[in-house]
Amino acid sequence: MTPLTINGQDVVVAADPATPLLDVLRDELGDLTPKPGCREGRCGACTVLLDGRPVLSCLLPIARVDGPVTTLEGLGDDDGRLDPVQDAFEAAGAVQCGICTPGMVLAARAVLDEGRVRTREELAAALVNNLCRCTGYTKILDTIEGLLDTGSRDDD
Amino acid sequence: MFVVQSSVGRRPQHVHTPESLPEAAELLREYAGEVRVAAGWTYLMLMASHGEALPAHVVSLHRIPDLDASAAGHLGTGVRLADLERGPLTGPERALTMAASVTAGPSVRTLGTLGGNLGFADGDLIPAALALDATVHLDDGSTRPVLDHVTDRRLDRIATALTWERRAADGWSGATVKLAHRGMDWPVVTVSTAIRRAPDGEILAATTAAQALAPEPTLLPAVDAVLVGSHGEPEALAYAAESATHRLEVRDDLEATAAHRRRVAPAVVRRALTIALEAGPDTEVAAREARR
Amino acid sequence: MTDRFHRSDARDKVTGHARYGIDLVAPRMLVGGLVRSHVPAGTVDELDVSAARALPGVVVVTAADLPLARYGMVINDQPPLASDVVRFSGEPLAAIAAPDEATLRAAIDAVVVRITPTPLVTDPEEALEDDAPLVHPELAAYELQFPTERQGNVCGRSVVEDGDVDAAFAGAHRIVEGRYTTPRVHQGYIEPRACLATARPDGGFEVRTSTQNPFGVRGTLARVLDLPESLVHVAGTTVGGGFGGKLDVTLEHFACLLARRSRRPVKFVSSRAEELVGANPRENSVVRIRSALDADGRIVGRDVTCLLDAGAYAHDTPFIGSVASLQGGGPYRIPAVRSQALSVYTHSQPTGAYRGPSGPQMVLAVEAHMDELARAVGEDPVAFRRRHVFEEDDRAPNGQVVRSVSMRECLDRAVEAIGYGRALPPGHGIGIACAWWTTTGQPTAASVKVENDGTLSVTTGATEIGSGAVASGVLHLVAEAFGVAPDQVRIASTSDTAIAPFDFGAQGSRTTFSVGRAALAACDEIRTRLLDEASHHLEVDVEDLRVADGRIEVAGAPDVSRSIGELAAAATFRDGPVQATSGFVAPPTEHDVRCTGPEHFYPAFNSPSFHCHAVEVRVDEETGKVAIERYVVAQDVGKALVPPAIHGQIQGGVLQGIGMALYEQQRLVDGHVRETDLERYKLPTALEAPPIEILLVERPSAVGPLGAKGVGEPPIIVPGAALANAVAAATGRPQRDLPMTPERILGAAS
């Protein structure tokens, strides 16, 4: 039995310790937001945050999870308000088919929280583990750049 | 070959998470022959999803304290790639910082470690470690040169730290340049160098190494031989770069043919040497300069 | 039309509520997988599934269990499961369902397969030689769904011919020819193909699937399962990318067969490796193109032959070949053109539709050849094109009269925006490419209803695959029809064969065009009813009423009004609920049947759009890498309905085109695909995305909603050509083969 903290909730899961976090989230905990796009760590649709940093949950066994995990379900607040990243993606047309969106939004959240990215090229490099086939990345980069400039927390 | 959805059936059954090095070493002894060590796990899980069966036991090092210490000339093997890429942008260590910044992608670097990267043959950090003339420390107190660590694996021991003597204060300057098709691909060729220069500009010593140029990570002594004694003139750099593939068996793989690697390697070598020499020990170079 | 951008599905996607095929789950469901051939061509000596069947809870289906021997879209050449012969590495031999993945893996591993290899042909040019191994020796005996040429390894031939081509070449002042090739590329959808099938007690099936075309899937399933269509219910999930790769049956037939046999729901999901070895990628091509020039350097004759590699089964390649044959002249006035496309069998995975099918292949050949023609006559490539571009009412080689033409404007605007003609730094080059494309018509229907709260609800059998065609394009049209904010329109249902009338599928850039027309017609009917109701309430003649801002008001006295919600509620009780359904099919575009023949599958470009891409590259001659400095798109959209959504389509399509031009390819080694994962098959990342300047040109279509033309496909068909021309300009070496990998760019130098 492995204890995990997912979106602020402590849970204990029964899956074998080498089971990828992606499968535990989806199959055992019913959180379908991280997506199995390739299962080889190359598309990033499975991205979740570990201690606020992006990880590829398809390659991460639960035995190795040593901090709090955030999935897309963990963004926003209990009153139904979305995270500014989610609002911005929606408004800007950065969502087309949406399969990359959960991973991309979390990766964007991590970039903004870390506060190190300064240029568009650095931003693109920070998203190199998140593939998108629909948007060509332009609106995704535009949206995150806009949040970098204006600050992305609504309590700013 | 046509793998079903997941790595199921090929994962280790037993995952051990020791909290001390002696405990970890004991586990390696107990399960010798059917055990591997893991830190960030990324490479192991990738192997499993590609159809390779993992051993029944894996010893995960992530709970062992003090494996991520970092000081001048010293890095614990538990230091994450994400932290390495924020390391010094000056001195010989610059080679390691630049290499880390172009290793895989940010989500892999969150958990990937120095030790993990040095622990497999295609590790992007290996040339930088070679350029530093670094030493690998093992849990039993013994030490080995990096090249030995990479080519002659000790499956019963755990690497704990990487140390090196070379310092910016002594005139050492490092750089890494990686040529790849896309930002997070395996390299066509990665070159790291560390060069020591006297105040009058004469190159006193140099260590240049490459990943993916040869079947194994390799030092490039032909390059160094041209550099040492020169003043880093453009002609010397060009000649040094051209010498990189002399009498070298060049790798042929899915990223590039040997012919292509032969053709492009000199440009990558020359670029790494140029960055190291132009910046010198004390000027910061942005990590993104590593990307070619 | 609007600067208030809205997509009805974005909220669900951005919060993770959207449910894709990969998310499908049903109680007691089994997981499905396929046993695939590891031999590219051979005879099956043994297929023993008994050990697999013996595993607990495992169900296995082989060819022996199928009601139908072969099926296909044009030729019935494809067995759902191979029986005595395999024709590509990865061909399915058995379908297995098991209670869990571990058991499924064990069952697949337990199947004994022995295959004796037979002679192999994997190159389409070699497949045409007289002594080539035949992929289908029994080809003449197969039933046809549509008439098609079939002979040797040829499974389709489309020819468009106008004018006297032989005379043009005989009298030419100069003849230039070239040979151009493009790779096999995968659509790259991030969500793998996935479906879940449940057998019903009436003998039918409920099928949920990630599809672009539920009606197409239903039709094929009905044939393969030998059932009437009415017993097969296909409902699409949210789709995580399709781009043509999810247009027909992919895995659903396996899921149904196993669901029936096991009496449990069965879910299939492709692994990424299976996507790369056993899906329907874009055909690799070889195009030979010749032009006859007169003494003034004008093109007077054109002869083109395009070989499209169909792979082991014809699938839709003959259809795609007919689209190819329309493009041999490009968007140019050429008096004598012969343009033919051959669909050729090889021992490789069957190819299929991918955004703009045949477009990138033909546009590369035509446009790279145009630059070579210009060089041959000593003229600037842009000036050369200007002398030839279509003008209004010109005749295309299929005899259609081209209308709503904007080719010159698109060319001029792109050329200006890229700064054509300025001095460039060393290693830089600018390339230009022009194209025209179609807006596929084909049938659809849409229902619109008005709710009591004044919102509008749209139902259609069409599919929203992520482009925004329905969730944004149709939505905005309906909103505009009543002057309501876009978020007052809901898309109630899409992609369900049980709920809505037929739709031809999300393909051919047709969805906003066709569904938009149908929806607007339905809105017209509703407007008539509501005006009637308002007239009754307000005691005013209908002629004195206007629709504005979601209300019906008296013209000149806007305070006297009723909301459409109130009116709908009242009308409901007078005359019945306020809803309208309208169908739409675009009128066929006239062409000259003497040019195409009577059996040409796609004889004309419908509501054609025009395009010019201009790109500046920097080629590093030491590493062979190509950096894109600037990229300009001038696209004729007819009428820009939702500019942000159009921009999204252009940005995405251009990067897919860049991927095909520089990074992506599937190569065969001894009949096996080399690129079996996303490490080797290189999809562009955010670092490969260049800035794209977009210029929207509007030359309205006489048919499209508010004059709109289709926008989704063309952005992908031009980049390969534009980049080839740019790299040629930068290096001084013509580029005739995609992808232009560093290896190729440097190799050409030595």
# chains A, B, ... in the order shown; residues from 1 in each chain; ligands from 1
call {"tool": "closest_atom_pairs", "arguments": {"of": "chain A", "to": "chain B", "cutoff": "9 Å", "atoms": "only C-alpha atoms", "output": "tab-separated table"}}
result
residue	atom	partner	partner_atom	distance
A:Asp16	CA	B:Gln13	CA	7.5
A:Pro17	CA	B:Val15	CA	6.4
A:Ala18	CA	B:Arg11	CA	6.3
A:Thr19	CA	B:Arg11	CA	7.7
A:Pro20	CA	B:Met45	CA	8.5
A:Pro36	CA	B:Gln5	CA	8.9
A:Cys38	CA	B:Gln5	CA	8.4
A:Arg39	CA	B:Ser6	CA	6.5
A:Glu40	CA	B:Leu46	CA	5.7
A:Gly41	CA	B:Leu46	CA	7.2
A:Gly44	CA	B:Ser107	CA	8.3
A:Thr47	CA	B:Ser107	CA	7.8
A:Leu50	CA	B:Thr110	CA	8.6
A:Arg53	CA	B:Thr110	CA	6.5
A:Pro54	CA	B:Ser107	CA	4.9
A:Val55	CA	B:Ser107	CA	4.6
A:Leu56	CA	B:Ser107	CA	6.1
A:Cys58	CA	B:Met45	CA	8.3
A:Leu59	CA	B:Met45	CA	5.2
A:Leu60	CA	B:Trp41	CA	6.8
A:Pro61	CA	B:Trp41	CA	7.8
A:Ala63	CA	B:Val15	CA	7.0
A:Arg64	CA	B:His62	CA	7.3
A:Asp66	CA	B:His62	CA	8.2
A:Ala107	CA	B:Ser107	CA	8.5
A:Glu122	CA	B:Arg288	CA	8.2
A:Ala125	CA	B:Gly183	CA	7.3
A:Ala126	CA	B:Pro106	CA	5.9
A:Leu127	CA	B:Pro106	CA	7.5
A:Val128	CA	B:Gly105	CA	6.0
A:Asn129	CA	B:Gly105	CA	5.5
A:Asn130	CA	B:Ser107	CA	8.9
call {"tool": "write_last_selection", "arguments": {"atoms": "N, CA and C atoms", "output": "tab-separated table (two decimals), in the first residue's frame"}}
result
chain	number	residue	atom	x	y	z
A	16	ASP	N	0.68	-1.98	-7.27
A	16	ASP	CA	2.09	-2.34	-7.05
A	16	ASP	C	2.96	-1.10	-7.09
A	17	PRO	N	4.04	-1.10	-6.33
A	17	PRO	CA	4.88	0.11	-6.23
A	17	PRO	C	5.50	0.55	-7.54
A	18	ALA	N	5.65	-0.37	-8.51
A	18	ALA	CA	6.26	0.04	-9.78
A	18	ALA	C	5.23	0.49	-10.80
A	19	THR	N	3.96	0.55	-10.40
A	19	THR	CA	2.91	1.01	-11.32
A	19	THR	C	3.10	2.49	-11.61
A	20	PRO	N	3.02	2.87	-12.88
A	20	PRO	CA	3.16	4.29	-13.18
A	20	PRO	C	2.08	5.13	-12.51
A	36	PRO	N	-2.90	9.19	-21.45
A	36	PRO	CA	-1.86	8.31	-22.00
A	36	PRO	C	-1.73	8.53	-23.51
A	38	CYS	N	1.32	8.33	-25.26
A	38	CYS	CA	2.36	7.52	-25.89
A	38	CYS	C	2.95	6.50	-24.93
A	39	ARG	N	2.84	6.75	-23.64
A	39	ARG	CA	3.39	5.85	-22.62
A	39	ARG	C	4.89	5.64	-22.74
A	40	GLU	N	5.56	6.56	-23.34
A	40	GLU	CA	7.02	6.47	-23.41
A	40	GLU	C	7.67	7.80	-23.09
A	41	GLY	N	6.95	8.66	-22.42
A	41	GLY	CA	7.52	9.93	-21.97
A	41	GLY	C	7.85	10.90	-23.07
A	44	GLY	N	4.01	14.07	-23.38
A	44	GLY	CA	3.71	15.00	-22.30
A	44	GLY	C	2.24	15.13	-21.96
A	47	THR	N	1.52	14.73	-18.25
A	47	THR	CA	2.22	15.60	-17.31
A	47	THR	C	1.37	15.93	-16.09
A	50	LEU	N	4.80	17.49	-9.56
A	50	LEU	CA	5.28	16.87	-8.32
A	50	LEU	C	6.00	17.97	-7.56
A	53	ARG	N	6.60	20.91	-9.70
A	53	ARG	CA	7.46	20.80	-10.89
A	53	ARG	C	6.90	19.74	-11.83
A	54	PRO	N	7.06	19.93	-13.14
A	54	PRO	CA	6.43	19.00	-14.08
A	54	PRO	C	7.16	17.66	-14.15
A	55	VAL	N	6.39	16.57	-14.19
A	55	VAL	CA	6.94	15.23	-14.38
A	55	VAL	C	6.05	14.47	-15.35
A	56	LEU	N	6.64	13.46	-15.97
A	56	LEU	CA	5.91	12.61	-16.91
A	56	LEU	C	5.36	11.43	-16.14
A	58	CYS	N	3.66	8.92	-16.85
A	58	CYS	CA	3.67	7.58	-17.45
A	58	CYS	C	4.98	6.86	-17.16
A	59	LEU	N	6.01	7.61	-16.78
A	59	LEU	CA	7.31	7.00	-16.51
A	59	LEU	C	7.65	7.05	-15.01
A	60	LEU	N	6.71	7.43	-14.18
A	60	LEU	CA	7.00	7.64	-12.76
A	60	LEU	C	6.30	6.62	-11.90
A	61	PRO	N	7.03	5.65	-11.34
A	61	PRO	CA	6.38	4.66	-10.49
A	61	PRO	C	5.95	5.30	-9.18
A	63	ALA	N	6.17	4.34	-6.27
A	63	ALA	CA	7.17	4.20	-5.20
A	63	ALA	C	8.11	5.39	-5.16
A	64	ARG	N	8.26	6.04	-6.28
A	64	ARG	CA	9.21	7.15	-6.38
A	64	ARG	C	8.56	8.50	-6.05
A	66	ASP	N	7.59	11.27	-4.08
A	66	ASP	CA	8.00	11.67	-2.73
A	66	ASP	C	7.55	13.09	-2.39
A	107	ALA	N	2.09	22.39	-17.15
A	107	ALA	CA	3.45	22.81	-17.47
A	107	ALA	C	3.54	24.34	-17.45
A	122	GLU	N	12.96	30.75	-24.26
A	122	GLU	CA	13.07	29.99	-23.00
A	122	GLU	C	11.73	29.32	-22.69
A	125	ALA	N	11.41	26.33	-24.87
A	125	ALA	CA	12.28	25.26	-24.34
A	125	ALA	C	11.65	24.62	-23.12
A	126	ALA	N	10.92	25.41	-22.34
A	126	ALA	CA	10.27	24.86	-21.14
A	126	ALA	C	9.09	23.98	-21.48
A	127	LEU	N	8.61	24.02	-22.72
A	127	LEU	CA	7.45	23.23	-23.12
A	127	LEU	C	7.81	22.10	-24.08
A	128	VAL	N	9.10	21.82	-24.17
A	128	VAL	CA	9.56	20.87	-25.17
A	128	VAL	C	9.11	19.44	-24.87
A	129	ASN	N	8.71	19.18	-23.63
A	129	ASN	CA	8.17	17.87	-23.28
A	129	ASN	C	6.66	17.80	-23.41
A	130	ASN	N	6.03	18.81	-23.98
A	130	ASN	CA	4.58	18.82	-24.17
A	130	ASN	C	4.25	19.02	-25.64
call {"tool": "interface_residues", "arguments": {"of": "chain A", "to": "chain C", "cutoff": "8 Å", "atoms": "only C-alpha atoms", "output": "ChimeraX atom specification"}}
result
/A:32-33,35-39,42-43,45,72-73,82,86,89-102,105,121,124-125,127-139
call {"tool": "closest_atom_pairs", "arguments": {"of": "chain C", "to": "chain B", "cutoff": "10 Å", "atoms": "only C-alpha atoms", "output": "Markdown table"}}
result
| residue | atom | partner | partner_atom | distance |
| --- | --- | --- | --- | --- |
| C:Gly32 | CA | B:Val4 | CA | 9.4 |
| C:Gly33 | CA | B:Val4 | CA | 7.0 |
| C:Leu34 | CA | B:Val4 | CA | 8.6 |
| C:Val35 | CA | B:Phe2 | CA | 8.7 |
| C:Arg36 | CA | B:Phe2 | CA | 7.6 |
| C:Ser37 | CA | B:Phe2 | CA | 9.6 |
| C:His38 | CA | B:Met1 | CA | 8.4 |
| C:Gly90 | CA | B:Phe2 | CA | 7.8 |
| C:Asp100 | CA | B:Val8 | CA | 9.9 |
| C:Glu101 | CA | B:Val8 | CA | 6.8 |
| C:Ala102 | CA | B:Gly9 | CA | 5.8 |
| C:Thr103 | CA | B:Gly9 | CA | 9.1 |
| C:Leu104 | CA | B:Val4 | CA | 8.4 |
| C:Arg105 | CA | B:Val4 | CA | 6.9 |
| C:Ala106 | CA | B:Gly9 | CA | 8.6 |
| C:Ile108 | CA | B:Val4 | CA | 9.2 |
| C:Phe268 | CA | B:Gln5 | CA | 9.7 |
| C:Val269 | CA | B:Gln5 | CA | 7.3 |
| C:Ser270 | CA | B:Gln5 | CA | 7.1 |
| C:Ser271 | CA | B:Gln5 | CA | 4.9 |
| C:Arg272 | CA | B:Gln5 | CA | 7.9 |
| C:Ala273 | CA | B:Phe2 | CA | 5.8 |
| C:Glu274 | CA | B:Phe2 | CA | 5.9 |
| C:Glu275 | CA | B:Phe2 | CA | 9.5 |
| C:Leu276 | CA | B:Phe2 | CA | 9.5 |
| C:Val277 | CA | B:Phe2 | CA | 8.1 |
| C:Gly278 | CA | B:Phe2 | CA | 9.4 |
| C:Asp620 | CA | B:Arg292 | CA | 9.9 |
| C:Glu621 | CA | B:Val264 | CA | 9.2 |
| C:Glu622 | CA | B:Val264 | CA | 6.0 |
| C:Thr623 | CA | B:Val264 | CA | 5.2 |
| C:Gly624 | CA | B:Val264 | CA | 8.2 |
| C:Lys625 | CA | B:His181 | CA | 8.0 |
| C:Leu662 | CA | B:His181 | CA | 9.5 |
| C:Tyr663 | CA | B:His181 | CA | 7.7 |
| C:Arg674 | CA | B:Leu254 | CA | 8.4 |
| C:Glu675 | CA | B:Leu254 | CA | 8.8 |
| C:Thr676 | CA | B:Phe2 | CA | 8.6 |
| C:Asp677 | CA | B:His50 | CA | 8.9 |
| C:Leu678 | CA | B:Asp185 | CA | 9.9 |
| C:Glu679 | CA | B:Asp185 | CA | 6.9 |
| C:Arg680 | CA | B:Leu254 | CA | 7.1 |
| C:Lys682 | CA | B:Arg182 | CA | 7.8 |
| C:Leu683 | CA | B:Arg182 | CA | 8.9 |
| C:Pro684 | CA | B:Arg182 | CA | 7.6 |
| C:Thr685 | CA | B:Arg182 | CA | 7.4 |
| C:Ala686 | CA | B:Gly183 | CA | 9.1 |
| C:Leu687 | CA | B:Gly183 | CA | 6.7 |
| C:Glu688 | CA | B:Arg182 | CA | 7.4 |
| C:Thr741 | CA | B:His181 | CA | 8.7 |
| C:Pro742 | CA | B:His181 | CA | 8.4 |
| C:Glu743 | CA | B:His260 | CA | 6.0 |
| C:Arg744 | CA | B:His260 | CA | 9.3 |
| C:Leu746 | CA | B:His260 | CA | 8.1 |
| C:Gly747 | CA | B:His260 | CA | 8.0 |
call {"tool": "residues_around", "arguments": {"residues": "range 301-311 of chain C", "least_positions_apart": "6", "cutoff": "6 Å", "atoms": "only C-alpha atoms", "output": "VMD selection string"}}
result
chain C and resid 124 165 168 283 to 292 317 328 336 to 351
call {"tool": "residues_around", "arguments": {"residues": "Ala14 in chain A", "least_positions_apart": "6", "cutoff": "10 Å", "atoms": "only C-alpha atoms", "output": "PyMOL selection string"}}
result
chain A and resi 1-3+24+28
call {"tool": "atom_distance", "arguments": {"atom1": "CA of Leu227 in chain C", "atom2": "CA of Asp503 in chain C"}}
result
20.3 Å
call {"tool": "residues_around", "arguments": {"residues": "Val515 in chain C", "least_positions_apart": "4", "cutoff": "12 Å", "atoms": "only C-alpha atoms", "output": "ChimeraX atom specification"}}
result
/C:440-448,458-464,469-475,477-478,494,501-506,509-511,519-523,581-586,704-705,708,710
call {"tool": "write_last_selection", "arguments": {"atoms": "N, CA and C atoms", "output": "compact mmCIF listing (two decimals), in the first residue's frame"}}
result
# COMPACT_ATOMS: atom_id res chain seq x y z
N THR C 440 -14.72 20.65 -49.77
CA THR C 440 -15.58 19.51 -50.08
C THR C 440 -17.02 19.81 -49.64
N GLY C 441 -17.95 19.47 -50.48
CA GLY C 441 -19.35 19.71 -50.15
C GLY C 441 -19.89 18.54 -49.36
N GLN C 442 -20.68 17.70 -50.01
CA GLN C 442 -21.21 16.48 -49.42
C GLN C 442 -22.22 16.82 -48.32
N PRO C 443 -23.10 15.87 -48.05
CA PRO C 443 -24.29 16.21 -47.26
C PRO C 443 -24.06 16.35 -45.76
N THR C 444 -24.96 17.14 -45.18
CA THR C 444 -25.03 17.24 -43.73
C THR C 444 -26.39 17.77 -43.36
N ALA C 445 -26.65 17.87 -42.05
CA ALA C 445 -27.88 18.49 -41.57
C ALA C 445 -27.61 19.11 -40.22
N ALA C 446 -28.43 20.09 -39.87
CA ALA C 446 -28.31 20.70 -38.54
C ALA C 446 -29.70 21.03 -38.04
N SER C 447 -29.87 20.83 -36.74
CA SER C 447 -31.12 21.23 -36.08
C SER C 447 -30.79 22.35 -35.11
N VAL C 448 -31.69 23.32 -35.06
CA VAL C 448 -31.52 24.41 -34.11
C VAL C 448 -32.82 24.54 -33.33
N VAL C 458 -27.86 23.63 -30.80
CA VAL C 458 -27.59 23.08 -32.13
C VAL C 458 -27.28 21.60 -32.03
N THR C 459 -27.89 20.82 -32.89
CA THR C 459 -27.59 19.39 -32.99
C THR C 459 -27.22 19.09 -34.43
N THR C 460 -26.18 18.32 -34.61
CA THR C 460 -25.77 17.92 -35.95
C THR C 460 -25.08 16.58 -35.90
N GLY C 461 -25.10 15.86 -36.99
CA GLY C 461 -24.37 14.60 -37.08
C GLY C 461 -22.90 14.82 -37.38
N ALA C 462 -22.54 16.07 -37.65
CA ALA C 462 -21.15 16.40 -37.92
C ALA C 462 -20.33 16.25 -36.65
N THR C 463 -19.02 16.22 -36.81
CA THR C 463 -18.12 15.99 -35.69
C THR C 463 -17.22 17.19 -35.47
N GLU C 464 -17.07 17.56 -34.22
CA GLU C 464 -16.08 18.58 -33.84
C GLU C 464 -14.80 17.83 -33.48
N ALA C 469 -14.59 23.92 -35.90
CA ALA C 469 -15.54 24.10 -37.01
C ALA C 469 -16.98 24.16 -36.52
N VAL C 470 -17.30 23.28 -35.56
CA VAL C 470 -18.67 23.29 -35.02
C VAL C 470 -18.72 24.15 -33.76
N ALA C 471 -17.78 23.88 -32.86
CA ALA C 471 -17.81 24.51 -31.54
C ALA C 471 -17.58 26.01 -31.61
N SER C 472 -17.02 26.48 -32.69
CA SER C 472 -16.80 27.91 -32.84
C SER C 472 -17.42 28.45 -34.13
N GLY C 473 -17.13 27.83 -35.26
CA GLY C 473 -17.61 28.33 -36.55
C GLY C 473 -19.12 28.32 -36.65
N VAL C 474 -19.72 27.16 -36.48
CA VAL C 474 -21.18 27.05 -36.58
C VAL C 474 -21.83 27.84 -35.45
N LEU C 475 -21.20 27.77 -34.29
CA LEU C 475 -21.73 28.47 -33.12
C LEU C 475 -21.85 29.96 -33.38
N LEU C 477 -21.99 31.50 -36.26
CA LEU C 477 -22.99 31.76 -37.31
C LEU C 477 -24.39 31.81 -36.72
N VAL C 478 -24.68 30.83 -35.86
CA VAL C 478 -26.02 30.78 -35.27
C VAL C 478 -26.22 31.97 -34.33
N THR C 494 -23.28 16.21 -31.16
CA THR C 494 -22.61 16.02 -32.44
C THR C 494 -22.28 14.55 -32.56
N PRO C 501 -29.25 13.32 -38.52
CA PRO C 501 -29.14 12.78 -39.88
C PRO C 501 -27.69 12.71 -40.34
N PHE C 502 -27.52 12.13 -41.52
CA PHE C 502 -26.21 11.85 -42.08
C PHE C 502 -25.33 13.08 -42.19
N ASP C 503 -24.05 12.87 -41.86
CA ASP C 503 -23.03 13.87 -42.17
C ASP C 503 -21.84 13.13 -42.77
N PHE C 504 -21.18 13.76 -43.71
CA PHE C 504 -20.11 13.11 -44.47
C PHE C 504 -18.80 12.98 -43.71
N GLY C 505 -18.73 13.59 -42.55
CA GLY C 505 -17.50 13.45 -41.76
C GLY C 505 -16.66 14.71 -41.77
N ALA C 506 -15.83 14.85 -40.73
CA ALA C 506 -14.96 16.03 -40.60
C ALA C 506 -13.77 15.82 -41.51
N SER C 509 -12.16 20.03 -45.29
CA SER C 509 -12.41 21.43 -44.93
C SER C 509 -13.87 21.80 -45.08
N ARG C 510 -14.76 20.85 -44.83
CA ARG C 510 -16.16 21.03 -45.20
C ARG C 510 -17.09 21.38 -44.07
N THR C 511 -16.65 21.27 -42.82
CA THR C 511 -17.65 21.24 -41.74
C THR C 511 -18.34 22.57 -41.50
N ALA C 519 -27.28 25.02 -40.78
CA ALA C 519 -27.71 25.70 -39.56
C ALA C 519 -28.36 27.04 -39.88
N LEU C 520 -27.79 27.77 -40.83
CA LEU C 520 -28.38 29.07 -41.19
C LEU C 520 -29.76 28.88 -41.80
N ALA C 521 -29.92 27.82 -42.58
CA ALA C 521 -31.25 27.56 -43.14
C ALA C 521 -32.24 27.24 -42.03
N ALA C 522 -31.79 26.47 -41.05
CA ALA C 522 -32.66 26.18 -39.91
C ALA C 522 -32.98 27.47 -39.14
N CYS C 523 -32.00 28.33 -38.99
CA CYS C 523 -32.23 29.61 -38.31
C CYS C 523 -33.26 30.45 -39.07
N THR C 581 -34.92 21.81 -38.60
CA THR C 581 -33.83 20.99 -39.11
C THR C 581 -33.70 21.25 -40.59
N SER C 582 -32.49 21.46 -41.03
CA SER C 582 -32.29 21.65 -42.45
C SER C 582 -31.10 20.84 -42.92
N GLY C 583 -31.23 20.28 -44.07
CA GLY C 583 -30.12 19.56 -44.66
C GLY C 583 -29.41 20.46 -45.66
N PHE C 584 -28.20 20.07 -46.03
CA PHE C 584 -27.48 20.83 -47.04
C PHE C 584 -26.54 19.92 -47.80
N VAL C 585 -26.50 20.10 -49.09
CA VAL C 585 -25.43 19.52 -49.88
C VAL C 585 -25.05 20.56 -50.92
N ALA C 586 -23.76 20.78 -51.09
CA ALA C 586 -23.31 21.80 -52.02
C ALA C 586 -23.64 21.38 -53.45
N GLY C 704 -20.76 29.20 -49.78
CA GLY C 704 -20.48 29.05 -48.36
C GLY C 704 -21.30 29.98 -47.49
N PRO C 705 -21.44 29.67 -46.20
CA PRO C 705 -22.22 30.51 -45.29
C PRO C 705 -21.58 31.89 -45.18
N ALA C 708 -18.15 32.09 -46.82
CA ALA C 708 -16.95 31.44 -46.31
C ALA C 708 -16.54 30.26 -47.18
N GLY C 710 -13.73 26.77 -47.11
CA GLY C 710 -13.08 25.89 -46.13
C GLY C 710 -11.68 26.39 -45.83
call {"tool": "select_by_dssp", "arguments": {"residues": "range 59-258 of chain C", "states": "strand (DSSP E)", "output": "VMD selection string"}}
result
chain C and resid 59 to 62 85 to 86 92 to 98 112 to 117 154 to 162 174 to 182 194 to 199 205 to 209 232 to 236
call {"tool": "atom_distance", "arguments": {"atom1": "CA of Asp453 in chain C", "atom2": "CA of Ser561 in chain C"}}
result
15.4 Å
call {"tool": "atom_distance", "arguments": {"atom1": "CA of Ile745 in chain C", "atom2": "CA of Val626 in chain C"}}
result
9.0 Å
call {"tool": "residues_around", "arguments": {"residues": "Ala286 in chain B", "least_positions_apart": "5", "cutoff": "10 Å", "atoms": "only C-alpha atoms", "output": "number ranges by chain"}}
result
B: 89-90, 94, 97-98, 101
call {"tool": "residues_around", "arguments": {"residues": "range 145-157 of chain B", "least_positions_apart": "6", "cutoff": "8 Å", "atoms": "only C-alpha atoms", "output": "mmCIF file with C-alpha atoms, in the first residue's frame"}}
result
data_model
loop_
_atom_site.group_PDB
_atom_site.id
_atom_site.type_symbol
_atom_site.label_atom_id
_atom_site.label_comp_id
_atom_site.auth_asym_id
_atom_site.auth_seq_id
_atom_site.Cartn_x
_atom_site.Cartn_y
_atom_site.Cartn_z
ATOM 1 C CA ALA B 25 24.561 -1.660 -0.577
ATOM 2 C CA LEU B 28 22.521 -4.906 -3.902
ATOM 3 C CA ARG B 29 24.451 -7.768 -2.313
ATOM 4 C CA ALA B 32 22.850 -9.554 -6.855
ATOM 5 C CA ARG B 36 19.256 -2.458 -10.410
ATOM 6 C CA LEU B 118 26.308 9.069 -15.685
ATOM 7 C CA GLY B 119 24.932 5.589 -15.148
ATOM 8 C CA PHE B 120 24.024 4.825 -18.735
ATOM 9 C CA ALA B 121 26.186 4.903 -21.789
ATOM 10 C CA ILE B 126 29.304 12.257 -19.587
ATOM 11 C CA ALA B 129 32.299 15.032 -16.620
ATOM 12 C CA LEU B 130 35.178 13.852 -18.804
ATOM 13 C CA ASP B 133 38.647 15.210 -15.561
ATOM 14 C CA ALA B 134 36.290 14.295 -12.767
ATOM 15 C CA THR B 135 36.382 11.429 -10.325
ATOM 16 C CA VAL B 136 33.428 9.236 -9.401
ATOM 17 C CA LEU B 138 31.512 5.010 -4.769
ATOM 18 C CA ASP B 139 29.728 4.090 -1.574
#
